[in-house]
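Structure record follows, encoded as structure tokens.
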Amino acid sequence: AFFLHCASHLLLTSVRPSTPLALSSNKQLYNHMATAPASLDRSKTKVIILPGNGCTPIMRCNWYAWLQKTVESELGVPCILKEMPDPMLARENIWLPFIRDELGADVNSILVGHSSGAEAAMRLAETQRVGGLVLVAACHTDLGVETETIAGYYNRPWDWERIRGNCGFVVQFADTDDPFIPFHEAQTVHSGLSSELLASTRGDHFMVSALPELLLPLRARIPPA
């Protein structure tokens, strides 16, 4: 068995609002992000959404299409969301070239990665500069799952220092009750990257049709029009 991180049925039934972030320590961090100086050139900035594995058709999975539409309509910058090759296994040797060459990830790109997409975003940032990372349900090991091992992200140590040095910022969303990823996995990523960690108690692996919390770090870093 392997993780399937698509909850397309949520879009076909009703829009279920995401659970508010529950930990009191988040309040200060929210205030910090809300007042953080914009760090990107608006004319060049784009947001790239990297999904979890198993997410196809991508426009009907989780919050991805919602975020694309909202970023473009409310923040006024391009937001790229495309069908990924090898969607079920999300293998690194297929995804990273696609993210670089087809999605155009560069120093002006904010990568919003969910689950396997978060690991892809981190590995990409080991090799090149990016505008920033927004990591949703990130982990750092294969959790003993064979197909996660095959994906290739976990077969060597993570170069946390290089990843952090190549990113303008790193914001991380984690679920203390994630059904797939133990919270200590998120804590290791947070420790390695010195990320701005927002932890919530939700139990859904962020598989919802809208995730308004994601707009906060994007608004904070993308200069207004």
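Convention: chains lettered A, B, ... in structure tokens order; per-chain residue numbering from 1; ligands numbered from 1 as shown.
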
All strand (DSSP E or B) residues (DSSP, backbone) inside chain A, as an NGL selection string: :A and (46-50 or 79-80 or 109-114 or 130 or 132-136 or 167 or 170-175 or 196-200)

Nearby residues (only C-alpha atoms) at most 6 Å from Ala199 of chain A, same-chain spacing under 5 positions excluded, as a ChimeraX atom specification: /A:173-175

Residue contacts of segment 98-107 of chain A (10 Å, only C-alpha atoms) excluding same-chain residues fewer than 4 positions away, as a list in words: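 Here the answer would be Leu40, Lys44, Thr45, Lys46, Val47, Ile48, Ile49, Leu50, Ile80, Leu81, Lys82, Met84, Pro85, Glu92, Asn93, Ile94, Leu111, Ala120, Ala121, Leu124, Ala125, Gln128, Arg129, Val130, Gly131, Gly132, Asn166, Cys167 and Gly168 of chain A.
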
What are the nearest atom pairs, with distances in Å to one decimal, for all residues of segment 75-141 of chain A that come at most 7 Å from segment 145-163 of chain A, using only C-alpha atoms, set out by chain and rising residue number as a tab-separated table?
```
residue	atom	partner	partner_atom	distance
A:Leu89	CA	A:Ala151	CA	5.9
A:Ala90	CA	A:Ala151	CA	5.9
A:Arg91	CA	A:Ala151	CA	4.0
A:Glu92	CA	A:Gly152	CA	5.6
A:Glu119	CA	A:Tyr153	CA	6.7
A:Met122	CA	A:Ile163	CA	6.5
A:Ala125	CA	A:Ile163	CA	5.0
A:Glu126	CA	A:Ile163	CA	4.7
A:His140	CA	A:Tyr154	CA	6.7
A:Thr141	CA	A:Tyr154	CA	5.5
```

Export of the given selection (N, CA and C atoms) as a short mmCIF file (atom, residue, chain, number, x, y, z; two decimals), in the first residue's frame:
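Dumped to selection.cif:
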```cif
data_model
loop_
_atom_site.label_atom_id
_atom_site.label_comp_id
_atom_site.auth_asym_id
_atom_site.auth_seq_id
_atom_site.Cartn_x
_atom_site.Cartn_y
_atom_site.Cartn_z
N LEU A 89 3.51 7.59 -7.94
CA LEU A 89 4.73 7.38 -7.16
C LEU A 89 5.50 8.67 -6.90
N ALA A 90 5.31 9.67 -7.73
CA ALA A 90 5.96 10.98 -7.52
C ALA A 90 7.48 10.85 -7.42
N ARG A 91 8.08 10.06 -8.29
CA ARG A 91 9.51 9.80 -8.17
C ARG A 91 10.34 11.07 -8.42
N GLU A 92 11.33 11.22 -7.56
CA GLU A 92 12.18 12.41 -7.60
C GLU A 92 12.84 12.62 -8.95
N GLU A 119 8.28 17.31 -0.07
CA GLU A 119 9.60 16.70 -0.17
C GLU A 119 10.27 17.07 -1.49
N MET A 122 11.65 20.56 -1.16
CA MET A 122 12.87 20.62 -0.37
C MET A 122 14.07 20.10 -1.15
N ALA A 125 15.22 22.61 -3.61
CA ALA A 125 15.93 23.72 -2.98
C ALA A 125 17.33 23.34 -2.52
N GLU A 126 17.64 22.06 -2.51
CA GLU A 126 19.02 21.66 -2.27
C GLU A 126 19.92 22.00 -3.45
N HIS A 140 10.42 13.65 6.53
CA HIS A 140 11.81 13.52 6.10
C HIS A 140 12.27 12.09 5.95
N THR A 141 11.40 11.11 6.27
CA THR A 141 11.73 9.70 6.06
C THR A 141 10.63 9.04 5.23
#
```

Sel. of helix (DSSP H, G or I) residues, segment 72-222 of chain A, as a ChimeraX atom specification: /A:72-75,92-101,116-127,146-151,160-165,183-193,212-221

Shell of 12 Å around Ala65 of chain A, only C-alpha atoms, local chain residues under 2 positions omitted, as JSON, numbers by chain: {"A": [8, 11, 48, 49, 50, 51, 55, 56, 57, 58, 59, 60, 61, 62, 63, 67, 68, 69, 70, 71, 72, 79, 80, 81, 82, 83, 208, 209, 210, 211]}

Write to file, as a JSON list (two decimals), in the first residue's frame, the residues of the selection just made, with N, CA and C atoms.
```
[["chain", "number", "residue", "atom", "x", "y", "z"],
["A", 8, "SER", "N", -10.42, 14.11, -3.79],
["A", 8, "SER", "CA", -11.22, 14.82, -4.80],
["A", 8, "SER", "C", -12.70, 14.84, -4.46],
["A", 11, "LEU", "N", -14.44, 18.07, -3.26],
["A", 11, "LEU", "CA", -14.89, 19.09, -4.19],
["A", 11, "LEU", "C", -16.22, 18.73, -4.81],
["A", 48, "ILE", "N", 3.98, 28.18, -7.39],
["A", 48, "ILE", "CA", 3.90, 26.87, -8.02],
["A", 48, "ILE", "C", 3.37, 25.87, -6.99],
["A", 49, "ILE", "N", 2.29, 25.18, -7.32],
["A", 49, "ILE", "CA", 1.69, 24.20, -6.42],
["A", 49, "ILE", "C", 2.19, 22.81, -6.78],
["A", 50, "LEU", "N", 2.76, 22.13, -5.79],
["A", 50, "LEU", "CA", 3.26, 20.77, -5.97],
["A", 50, "LEU", "C", 2.41, 19.84, -5.12],
["A", 51, "PRO", "N", 1.65, 18.94, -5.73],
["A", 51, "PRO", "CA", 0.66, 18.14, -5.01],
["A", 51, "PRO", "C", 1.26, 16.94, -4.30],
["A", 55, "CYS", "N", -2.56, 12.36, -6.77],
["A", 55, "CYS", "CA", -3.50, 13.46, -7.02],
["A", 55, "CYS", "C", -3.69, 13.70, -8.51],
["A", 56, "THR", "N", -4.63, 13.01, -9.07],
["A", 56, "THR", "CA", -4.98, 13.18, -10.47],
["A", 56, "THR", "C", -6.44, 12.75, -10.67],
["A", 57, "PRO", "N", -7.25, 13.52, -11.39],
["A", 57, "PRO", "CA", -6.92, 14.79, -12.03],
["A", 57, "PRO", "C", -6.69, 15.89, -10.99],
["A", 58, "ILE", "N", -5.64, 16.62, -11.19],
["A", 58, "ILE", "CA", -5.17, 17.53, -10.15],
["A", 58, "ILE", "C", -6.16, 18.65, -9.86],
["A", 59, "MET", "N", -6.94, 19.08, -10.83],
["A", 59, "MET", "CA", -7.88, 20.17, -10.61],
["A", 59, "MET", "C", -9.03, 19.78, -9.69],
["A", 60, "ARG", "N", -9.19, 18.48, -9.45],
["A", 60, "ARG", "CA", -10.28, 18.02, -8.58],
["A", 60, "ARG", "C", -9.77, 17.49, -7.25],
["A", 61, "CYS", "N", -8.53, 17.76, -6.95],
["A", 61, "CYS", "CA", -7.92, 17.22, -5.73],
["A", 61, "CYS", "C", -7.64, 18.30, -4.70],
["A", 62, "ASN", "N", -8.11, 18.04, -3.48],
["A", 62, "ASN", "CA", -7.76, 18.87, -2.33],
["A", 62, "ASN", "C", -7.99, 20.35, -2.60],
["A", 63, "TRP", "N", -7.11, 21.18, -2.08],
["A", 63, "TRP", "CA", -7.26, 22.65, -2.14],
["A", 63, "TRP", "C", -6.49, 23.26, -3.31],
["A", 67, "LEU", "N", -6.58, 27.18, -4.38],
["A", 67, "LEU", "CA", -5.45, 28.08, -4.15],
["A", 67, "LEU", "C", -5.04, 28.76, -5.44],
["A", 68, "GLN", "N", -4.99, 28.03, -6.53],
["A", 68, "GLN", "CA", -4.62, 28.65, -7.80],
["A", 68, "GLN", "C", -5.56, 29.81, -8.12],
["A", 69, "LYS", "N", -6.84, 29.57, -8.04],
["A", 69, "LYS", "CA", -7.81, 30.60, -8.36],
["A", 69, "LYS", "C", -7.70, 31.78, -7.41],
["A", 70, "THR", "N", -7.53, 31.52, -6.13],
["A", 70, "THR", "CA", -7.50, 32.58, -5.13],
["A", 70, "THR", "C", -6.24, 33.41, -5.24],
["A", 71, "VAL", "N", -5.09, 32.78, -5.46],
["A", 71, "VAL", "CA", -3.84, 33.53, -5.62],
["A", 71, "VAL", "C", -3.93, 34.46, -6.82],
["A", 72, "GLU", "N", -4.45, 33.95, -7.93],
["A", 72, "GLU", "CA", -4.49, 34.78, -9.13],
["A", 72, "GLU", "C", -5.53, 35.89, -9.02],
["A", 79, "CYS", "N", -0.20, 31.65, -10.74],
["A", 79, "CYS", "CA", -0.14, 30.47, -9.88],
["A", 79, "CYS", "C", -0.23, 29.25, -10.78],
["A", 80, "ILE", "N", 0.81, 28.45, -10.79],
["A", 80, "ILE", "CA", 0.94, 27.34, -11.73],
["A", 80, "ILE", "C", 0.50, 26.04, -11.08],
["A", 81, "LEU", "N", -0.42, 25.37, -11.74],
["A", 81, "LEU", "CA", -0.93, 24.07, -11.29],
["A", 81, "LEU", "C", -1.12, 23.21, -12.52],
["A", 82, "LYS", "N", -0.32, 22.16, -12.65],
["A", 82, "LYS", "CA", -0.40, 21.28, -13.80],
["A", 82, "LYS", "C", -0.39, 19.82, -13.36],
["A", 83, "GLU", "N", -0.94, 18.98, -14.24],
["A", 83, "GLU", "CA", -0.85, 17.54, -14.00],
["A", 83, "GLU", "C", 0.63, 17.15, -13.91],
["A", 208, "VAL", "N", -8.38, 18.92, 2.30],
["A", 208, "VAL", "CA", -9.62, 19.68, 2.31],
["A", 208, "VAL", "C", -9.72, 20.46, 1.01],
["A", 209, "SER", "N", -10.87, 21.00, 0.74],
["A", 209, "SER", "CA", -11.08, 21.67, -0.54],
["A", 209, "SER", "C", -10.68, 23.14, -0.52],
["A", 210, "ALA", "N", -10.43, 23.69, 0.65],
["A", 210, "ALA", "CA", -9.94, 25.07, 0.75],
["A", 210, "ALA", "C", -9.09, 25.15, 2.00],
["A", 211, "LEU", "N", -8.00, 25.91, 1.94],
["A", 211, "LEU", "CA", -7.09, 26.05, 3.06],
["A", 211, "LEU", "C", -6.66, 27.51, 3.19]]
```

Nearest to Ile222 of chain A by atom-to-atom distance, counting only C-alpha atoms, from A:Ala138, A:Gly203, A:Gly52, A:Phe169: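 Selected residue with least distance to Ile222 of chain A: A:Phe169.
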
Coordinates-based distance that separates atom CA of Ser200 of chain A from atom CA of Leu218 of chain A (Å, one decimal):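 Those two atoms sit 18.6 Å apart.
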
Gap from atom CA of Thr201 of chain A to atom CA of Glu185 of chain A - Å, one decimal: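 Those two atoms sit 15.1 Å apart.
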